[in-house]
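Structure data follow from entry02.pdb (PDB, C-alpha atoms and all ligand atoms):
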```pdb
ATOM      1  CA  MET A   1      91.735 110.942  63.367  1.00  0.00           C
ATOM      2  CA  LYS A   2      94.675 109.787  65.427  1.00  0.00           C
ATOM      3  CA  TYR A   3      93.980 112.595  67.856  1.00  0.00           C
ATOM      4  CA  LEU A   4      90.350 111.527  68.228  1.00  0.00           C
ATOM      5  CA  TRP A   5      91.334 107.935  68.787  1.00  0.00           C
ATOM      6  CA  THR A   6      93.803 108.975  71.436  1.00  0.00           C
ATOM      7  CA  LEU A   7      91.204 111.138  73.111  1.00  0.00           C
ATOM      8  CA  THR A   8      88.635 108.331  73.072  1.00  0.00           C
ATOM      9  CA  GLY A   9      91.208 105.942  74.445  1.00  0.00           C
ATOM     10  CA  ALA A  10      92.077 108.309  77.238  1.00  0.00           C
ATOM     11  CA  LEU A  11      88.408 108.918  77.997  1.00  0.00           C
ATOM     12  CA  SER A  12      87.490 105.262  78.124  1.00  0.00           C
ATOM     13  CA  MET A  13      90.482 104.626  80.325  1.00  0.00           C
ATOM     14  CA  ALA A  14      89.400 107.397  82.666  1.00  0.00           C
ATOM     15  CA  VAL A  15      85.850 106.033  82.704  1.00  0.00           C
ATOM     16  CA  GLY A  16      87.180 102.550  83.341  1.00  0.00           C
ATOM     17  CA  LEU A  17      89.135 103.767  86.316  1.00  0.00           C
ATOM     18  CA  ALA A  18      86.328 105.872  87.695  1.00  0.00           C
ATOM     19  CA  ALA A  19      83.434 103.485  87.051  1.00  0.00           C
ATOM     20  CA  SER A  20      82.422 101.595  90.095  1.00  0.00           C
ATOM     21  CA  PRO A  21      83.145  97.940  89.288  1.00  0.00           C
ATOM     22  CA  VAL A  22      80.779  95.046  89.837  1.00  0.00           C
ATOM     23  CA  PRO A  23      80.692  94.173  93.521  1.00  0.00           C
ATOM     24  CA  TRP A  24      83.884  92.423  94.518  1.00  0.00           C
ATOM     25  CA  PRO A  25      84.038  89.870  95.827  1.00  0.00           C
ATOM     26  CA  PRO A  26      80.759  88.422  94.505  1.00  0.00           C
ATOM     27  CA  SER A  27      78.466  87.287  97.279  1.00  0.00           C
ATOM     28  CA  PRO A  28      78.629  83.639  98.211  1.00  0.00           C
ATOM     29  CA  THR A  29      75.672  81.584  97.079  1.00  0.00           C
ATOM     30  CA  GLY A  30      74.439  78.090  97.706  1.00  0.00           C
ATOM     31  CA  THR A  31      73.792  76.044 100.771  1.00  0.00           C
ATOM     32  CA  LEU A  32      73.947  77.198 104.359  1.00  0.00           C
ATOM     33  CA  TRP A  33      77.275  75.403 104.659  1.00  0.00           C
ATOM     34  CA  CYS A  34      78.603  77.518 101.826  1.00  0.00           C
ATOM     35  CA  LEU A  35      77.418  80.687 103.506  1.00  0.00           C
ATOM     36  CA  LEU A  36      79.354  79.904 106.671  1.00  0.00           C
ATOM     37  CA  ALA A  37      82.490  81.937 107.073  1.00  0.00           C
ATOM     38  CA  LYS A  38      85.669  79.921 107.316  1.00  0.00           C
ATOM     39  CA  ILE A  39      88.469  81.796 108.983  1.00  0.00           C
ATOM     40  CA  GLY A  40      92.161  81.160 108.673  1.00  0.00           C
ATOM     41  CA  PRO A  41      95.535  82.778 109.201  1.00  0.00           C
ATOM     42  CA  PRO A  42      96.487  85.716 106.981  1.00  0.00           C
ATOM     43  CA  ILE A  43      99.302  85.771 104.440  1.00  0.00           C
ATOM     44  CA  VAL A  44     101.689  88.528 105.505  1.00  0.00           C
ATOM     45  CA  ALA A  45     104.576  90.438 103.960  1.00  0.00           C
ATOM     46  CA  ASP A  46     107.851  89.405 105.565  1.00  0.00           C
ATOM     47  CA  SER A  47     110.510  92.028 104.907  1.00  0.00           C
ATOM     48  CA  PRO A  48     111.767  93.591 108.142  1.00  0.00           C
ATOM     49  CA  SER A  49     112.791  97.237 107.930  1.00  0.00           C
ATOM     50  CA  THR A  50     110.485  97.966 105.009  1.00  0.00           C
ATOM     51  CA  PRO A  51     107.236  99.918 105.462  1.00  0.00           C
ATOM     52  CA  ILE A  52     105.250  96.978 104.137  1.00  0.00           C
ATOM     53  CA  HIS A  53     106.507  94.464 106.700  1.00  0.00           C
ATOM     54  CA  GLY A  54     103.545  92.799 108.370  1.00  0.00           C
ATOM     55  CA  LEU A  55     100.941  94.004 105.875  1.00  0.00           C
ATOM     56  CA  GLN A  56      98.432  91.345 104.850  1.00  0.00           C
ATOM     57  CA  LEU A  57      97.333  90.000 101.507  1.00  0.00           C
ATOM     58  CA  SER A  58      93.959  91.371 100.452  1.00  0.00           C
ATOM     59  CA  VAL A  59      91.358  89.606  98.334  1.00  0.00           C
ATOM     60  CA  ASP A  60      89.103  92.685  98.152  1.00  0.00           C
ATOM     61  CA  THR A  61      90.142  93.635  94.635  1.00  0.00           C
ATOM     62  CA  ALA A  62      90.923  91.581  91.547  1.00  0.00           C
ATOM     63  CA  THR A  63      94.498  92.852  91.794  1.00  0.00           C
ATOM     64  CA  PRO A  64      96.156  91.536  94.940  1.00  0.00           C
ATOM     65  CA  THR A  65      97.367  94.244  97.299  1.00  0.00           C
ATOM     66  CA  LEU A  66      98.898  94.419 100.754  1.00  0.00           C
ATOM     67  CA  VAL A  67      96.776  96.120 103.401  1.00  0.00           C
ATOM     68  CA  GLY A  68      96.655  96.482 107.173  1.00  0.00           C
ATOM     69  CA  LYS A  69      93.853  93.958 107.598  1.00  0.00           C
ATOM     70  CA  GLY A  70      93.693  91.468 104.772  1.00  0.00           C
ATOM     71  CA  PHE A  71      91.637  88.426 103.905  1.00  0.00           C
ATOM     72  CA  LYS A  72      90.153  86.930 107.080  1.00  0.00           C
ATOM     73  CA  GLY A  73      88.877  83.783 105.442  1.00  0.00           C
ATOM     74  CA  SER A  74      90.566  80.511 104.816  1.00  0.00           C
ATOM     75  CA  TYR A  75      93.118  79.908 102.090  1.00  0.00           C
ATOM     76  CA  ASP A  76      93.199  76.646 100.157  1.00  0.00           C
ATOM     77  CA  PHE A  77      96.591  75.297  99.139  1.00  0.00           C
ATOM     78  CA  ILE A  78      95.596  72.510  96.824  1.00  0.00           C
ATOM     79  CA  GLY A  79      96.769  71.255  93.468  1.00  0.00           C
ATOM     80  CA  GLY A  80      99.498  73.888  93.211  1.00  0.00           C
ATOM     81  CA  GLY A  81      96.989  76.671  93.625  1.00  0.00           C
ATOM     82  CA  ILE A  82      96.425  79.335  96.239  1.00  0.00           C
ATOM     83  CA  GLY A  83      92.725  79.874  96.684  1.00  0.00           C
ATOM     84  CA  ALA A  84      90.858  82.263  98.917  1.00  0.00           C
ATOM     85  CA  TRP A  85      87.784  80.306  99.963  1.00  0.00           C
ATOM     86  CA  ARG A  86      84.499  82.071  99.640  1.00  0.00           C
ATOM     87  CA  GLY A  87      81.193  80.304  99.732  1.00  0.00           C
ATOM     88  CA  CYS A  88      82.235  76.940  98.305  1.00  0.00           C
ATOM     89  CA  HIS A  89      84.163  78.755  95.597  1.00  0.00           C
ATOM     90  CA  ASP A  90      87.668  80.117  95.502  1.00  0.00           C
ATOM     91  CA  TYR A  91      89.423  83.164  94.213  1.00  0.00           C
ATOM     92  CA  TRP A  92      92.562  81.702  92.692  1.00  0.00           C
ATOM     93  CA  LEU A  93      95.842  83.569  92.709  1.00  0.00           C
ATOM     94  CA  ASN A  94      97.131  83.541  89.145  1.00  0.00           C
ATOM     95  CA  ILE A  95     100.447  84.714  87.726  1.00  0.00           C
ATOM     96  CA  GLY A  96     100.165  86.737  84.535  1.00  0.00           C
ATOM     97  CA  THR A  97     102.691  87.257  81.795  1.00  0.00           C
ATOM     98  CA  SER A  98     104.963  90.213  81.255  1.00  0.00           C
ATOM     99  CA  PRO A  99     108.122  90.962  79.273  1.00  0.00           C
ATOM    100  CA  TYR A 100     109.582  92.222  82.558  1.00  0.00           C
ATOM    101  CA  SER A 101     110.822  90.114  85.436  1.00  0.00           C
ATOM    102  CA  TYR A 102     107.972  91.259  87.669  1.00  0.00           C
ATOM    103  CA  LYS A 103     104.769  89.410  86.839  1.00  0.00           C
ATOM    104  CA  PRO A 104     101.269  90.721  87.467  1.00  0.00           C
ATOM    105  CA  LEU A 105      99.015  88.780  89.806  1.00  0.00           C
ATOM    106  CA  THR A 106      95.233  88.461  89.782  1.00  0.00           C
ATOM    107  CA  TRP A 107      92.494  86.877  91.851  1.00  0.00           C
ATOM    108  CA  ASP A 108      90.194  84.961  89.527  1.00  0.00           C
ATOM    109  CA  PHE A 109      86.887  83.602  90.738  1.00  0.00           C
ATOM    110  CA  ASP A 110      86.614  79.841  90.177  1.00  0.00           C
ATOM    111  CA  ASN A 111      89.451  79.982  87.672  1.00  0.00           C
ATOM    112  CA  LYS A 112      92.707  78.335  88.706  1.00  0.00           C
ATOM    113  CA  VAL A 113      95.310  78.940  86.027  1.00  0.00           C
ATOM    114  CA  THR A 114      98.522  78.889  88.059  1.00  0.00           C
ATOM    115  CA  THR A 115      99.313  75.469  89.535  1.00  0.00           C
ATOM    116  CA  THR A 116     102.963  76.068  90.417  1.00  0.00           C
ATOM    117  CA  TRP A 117     102.485  77.567  93.882  1.00  0.00           C
ATOM    118  CA  THR A 118     103.803  75.919  97.000  1.00  0.00           C
ATOM    119  CA  ALA A 119     102.504  77.249 100.284  1.00  0.00           C
ATOM    120  CA  SER A 120     101.257  75.959 103.580  1.00  0.00           C
ATOM    121  CA  VAL A 121     100.596  77.274 107.047  1.00  0.00           C
ATOM    122  CA  GLY A 122     103.817  78.591 108.558  1.00  0.00           C
ATOM    123  CA  THR A 123     105.833  78.670 105.320  1.00  0.00           C
ATOM    124  CA  LEU A 124     106.785  81.195 102.669  1.00  0.00           C
ATOM    125  CA  VAL A 125     104.829  81.280  99.429  1.00  0.00           C
ATOM    126  CA  HIS A 126     106.908  79.890  96.542  1.00  0.00           C
ATOM    127  CA  ALA A 127     106.227  80.080  92.831  1.00  0.00           C
ATOM    128  CA  GLY A 128     107.646  77.130  90.936  1.00  0.00           C
ATOM    129  CA  SER A 129     109.725  77.445  87.808  1.00  0.00           C
ATOM    130  CA  THR A 130     108.166  77.761  84.386  1.00  0.00           C
ATOM    131  CA  ALA A 131     109.588  78.016  80.866  1.00  0.00           C
ATOM    132  CA  ASP A 132     109.924  81.767  81.521  1.00  0.00           C
ATOM    133  CA  TYR A 133     111.530  81.961  84.953  1.00  0.00           C
ATOM    134  CA  LEU A 134     113.108  80.046  87.785  1.00  0.00           C
ATOM    135  CA  ALA A 135     111.399  79.225  91.049  1.00  0.00           C
ATOM    136  CA  THR A 136     111.175  82.197  93.374  1.00  0.00           C
ATOM    137  CA  ASN A 137     109.715  83.313  96.672  1.00  0.00           C
ATOM    138  CA  THR A 138     110.349  86.985  95.994  1.00  0.00           C
ATOM    139  CA  PHE A 139     107.574  89.495  95.489  1.00  0.00           C
ATOM    140  CA  LEU A 140     107.482  93.217  94.770  1.00  0.00           C
ATOM    141  CA  ALA A 141     105.005  95.530  96.419  1.00  0.00           C
ATOM    142  CA  CYS A 142     104.667  98.832  94.582  1.00  0.00           C
ATOM    143  CA  ASN A 143     102.893 101.939  95.789  1.00  0.00           C
ATOM    144  CA  GLN A 144     100.513 102.606  92.914  1.00  0.00           C
ATOM    145  CA  SER A 145      98.275 105.557  93.743  1.00  0.00           C
ATOM    146  CA  GLY A 146      98.513 104.744  97.418  1.00  0.00           C
ATOM    147  CA  SER A 147      97.845 100.997  97.112  1.00  0.00           C
ATOM    148  CA  TRP A 148     100.554  98.394  97.623  1.00  0.00           C
ATOM    149  CA  VAL A 149     100.114  96.367  94.440  1.00  0.00           C
ATOM    150  CA  LEU A 150     101.792  92.987  94.550  1.00  0.00           C
ATOM    151  CA  TYR A 151     103.859  91.363  91.789  1.00  0.00           C
ATOM    152  CA  LEU A 152     105.800  88.139  91.598  1.00  0.00           C
ATOM    153  CA  GLN A 153     109.464  89.060  91.140  1.00  0.00           C
ATOM    154  CA  THR A 154     111.491  86.686  88.967  1.00  0.00           C
ATOM    155  CA  GLY A 155     114.510  88.920  88.323  1.00  0.00           C
ATOM    156  CA  THR A 156     115.612  92.470  88.923  1.00  0.00           C
ATOM    157  CA  ASP A 157     113.270  94.677  86.875  1.00  0.00           C
ATOM    158  CA  ALA A 158     110.989  97.074  88.704  1.00  0.00           C
ATOM    159  CA  PRO A 159     108.181  99.314  87.471  1.00  0.00           C
ATOM    160  CA  SER A 160     109.458 102.834  86.891  1.00  0.00           C
ATOM    161  CA  GLY A 161     108.066 105.895  88.594  1.00  0.00           C
ATOM    162  CA  VAL A 162     106.706 104.106  91.631  1.00  0.00           C
ATOM    163  CA  THR A 163     108.205 103.059  94.949  1.00  0.00           C
ATOM    164  CA  CYS A 164     108.564  99.303  95.307  1.00  0.00           C
ATOM    165  CA  TYR A 165     109.849  97.067  98.059  1.00  0.00           C
ATOM    166  CA  ILE A 166     111.082  93.509  97.785  1.00  0.00           C
ATOM    167  CA  THR A 167     109.283  91.162 100.119  1.00  0.00           C
ATOM    168  CA  GLN A 168     108.348  87.574 100.797  1.00  0.00           C
ATOM    169  CA  LEU A 169     104.923  86.281 101.716  1.00  0.00           C
ATOM    170  CA  LYS A 170     104.484  84.121 104.746  1.00  0.00           C
ATOM    171  CA  VAL A 171     101.398  82.143 105.620  1.00  0.00           C
ATOM    172  CA  ASN A 172     100.914  82.894 109.301  1.00  0.00           C
ATOM    173  CA  THR A 173      99.969  80.334 111.865  1.00  0.00           C
ATOM    174  CA  LEU A 174      96.680  81.216 113.571  1.00  0.00           C
TER     175      LEU A 174
HETATM  176  C1  LIG A 201     102.273 106.263  97.985  1.00  0.00           C
HETATM  177  O1  LIG A 201     102.148 107.082  96.874  1.00  0.00           O
HETATM  178  C2  LIG A 201     101.314 108.216  97.073  1.00  0.00           C
HETATM  179  C3  LIG A 201     101.226 108.955  95.759  1.00  0.00           C
HETATM  180  O2  LIG A 201     100.620 108.156  94.797  1.00  0.00           O
HETATM  181  C4  LIG A 201     101.903 109.093  98.174  1.00  0.00           C
HETATM  182  O3  LIG A 201     101.044 110.165  98.414  1.00  0.00           O
HETATM  183  C5  LIG A 201     102.066 108.264  99.430  1.00  0.00           C
HETATM  184  O4  LIG A 201     102.736 109.032 100.413  1.00  0.00           O
HETATM  185  C6  LIG A 201     102.878 107.024  99.160  1.00  0.00           C
HETATM  186  N1  LIG A 201     102.896 106.197 100.359  1.00  0.00           N
HETATM  187  C7  LIG A 201     103.996 105.607 100.803  1.00  0.00           C
HETATM  188  C8  LIG A 201     103.850 104.833 102.074  1.00  0.00           C
HETATM  189  O5  LIG A 201     105.056 105.614 100.209  1.00  0.00           O
END
```

As structure tokens, what does this structure read like?
Amino acid sequence: MKYLWTLTGALSMAVGLAASPVPWPPSPTGTLWCLLAKIGPPIVADSPSTPIHGLQLSVDTATPTLVGKGFKGSYDFIGGGIGAWRGCHDYWLNIGTSPYSYKPLTWDFDNKVTTTWTASVGTLVHAGSTADYLATNTFLACNQSGSWVLYLQTGTDAPSGVTCYITQLKVNTL
């Protein structure tokens, strides 16, 4: 019974990984104004002498990653949130919970949970303090299956078995 459960779990996990997800990001809808593309400066990894230096924040997957050419649209820095504007909606950058010092990040469509960010054009991205951790501008980028997955780093833990680099995120000027 336990064996079957394990097998089913492994299978559904494999299917989950292999299944092509719903289109991401969802297409913009609404008025012509909303369909217009707004462009803005990228958010880039700032950690000289690491292989990820200069890589850009991507909004192409629900899990933020660093890529060569990242989000070309405009970021919103309002109400303590970081939003990637798309068609009169935003993908909001949210900080998840974890028992470890590195915290998972997600892009959530129209759902701003984290309101402790500070960022603006030309500055580093800061996460404000919470009951769990102190304010920080440190991030971890970990090579997970060839993608540089980004975490907020609030201490010194790092995921095991993968290569990670410490970095900061800077909002470029155009
Ligand atoms: C990232 O990890 C993959 C294995 O998952 C490896 O093939 C690749 O060389 C690594 N890339 C870098 C830049 O470390």

> Quick one: residues within 8 Å of ligand LIG 201 (chain A), with all atoms listed in the file, as a list in words?
Replying inline: Pro51, Asn143, Gln144, Ser145, Gly146, Ser147, Val162 and Thr163 of chain A

>> If the PyMOL selection byres (((chain A and resi 46) around 9) and not hetatm) were run on this exact file, what residues would it hold? Put them as number ranges by chain.
In response: A: 44-45, 47-48, 50, 52-55, 124, 167-170

>> Using all atoms listed in the file, which protein or nucleic acid residues come within 7 Å of A:Tyr102? Drop anything in the same chain fewer than 3 positions from it, and give the result as a ChimeraX atom specification.
In response: /A:151-155,157-158

Would you output that residue set with C-alpha atoms, as a PDB file, in the frame of the given file?
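For reference, part.pdb as written:
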```pdb
ATOM      1  CA  TYR A 151     103.859  91.363  91.789  1.00  0.00           C
ATOM      2  CA  LEU A 152     105.800  88.139  91.598  1.00  0.00           C
ATOM      3  CA  GLN A 153     109.464  89.060  91.140  1.00  0.00           C
ATOM      4  CA  THR A 154     111.491  86.686  88.967  1.00  0.00           C
ATOM      5  CA  GLY A 155     114.510  88.920  88.323  1.00  0.00           C
ATOM      6  CA  ASP A 157     113.270  94.677  86.875  1.00  0.00           C
ATOM      7  CA  ALA A 158     110.989  97.074  88.704  1.00  0.00           C
TER       8      ALA A 158
END
```

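Between A:Gly68 and the candidates A:Gly96, A:Pro104, A:Pro42, A:Pro159, the tightest atom-to-atom separation, counting all atoms listed in the file, involves A:Pro42.
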
>> Under the PyMOL selection byres (((chain A and resi 79) around 12) and not hetatm), which residues of this model are included? Write them out as a PyMOL selection string.
In response: chain A and resi 76-78+80-83+92+112-119

> If the PyMOL selection byres (((chain A and resi 107) around 8) and not hetatm) is run on the structure shown, which residues does it catch, given as a PyMOL selection string?
Replying inline: chain A and resi 59+61-64+91-94+105-106+108-109

>> Between atom CA of A:Thr136 and atom CA of A:His89, what is the distance in Å, rounded to a tenth?
In response: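 Separating atom CA of A:Thr136 from atom CA of A:His89 is a distance of 27.3 Å.
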
> Suppose you want the space between atom CA of A:Ile95 and atom CA of A:Leu35; what is it in Å?
Replying inline: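 Taking atom CA of A:Ile95 and atom CA of A:Leu35, their separation equals 28.2 Å.
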
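Interatomic distance, atom CA of A:Thr130 against atom CA of A:Ile166: 20.9 Å.
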
>> Here is a test: counting only C-alpha atoms, which residue of A:Gly122, A:Gly40, A:Pro99, A:Gly128 is nearest to A:Arg86?
In response: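 Using only C-alpha atoms, the shortest distance to A:Arg86 belongs to A:Gly40.
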
> Got a sec: who's within 7 Å of A:Cys164, counting only C-alpha atoms, leaving out chain neighbours fewer than 5 positions off, as a list in words?
Replying inline: Leu140, Ala141, Cys142 and Asn143 of chain A
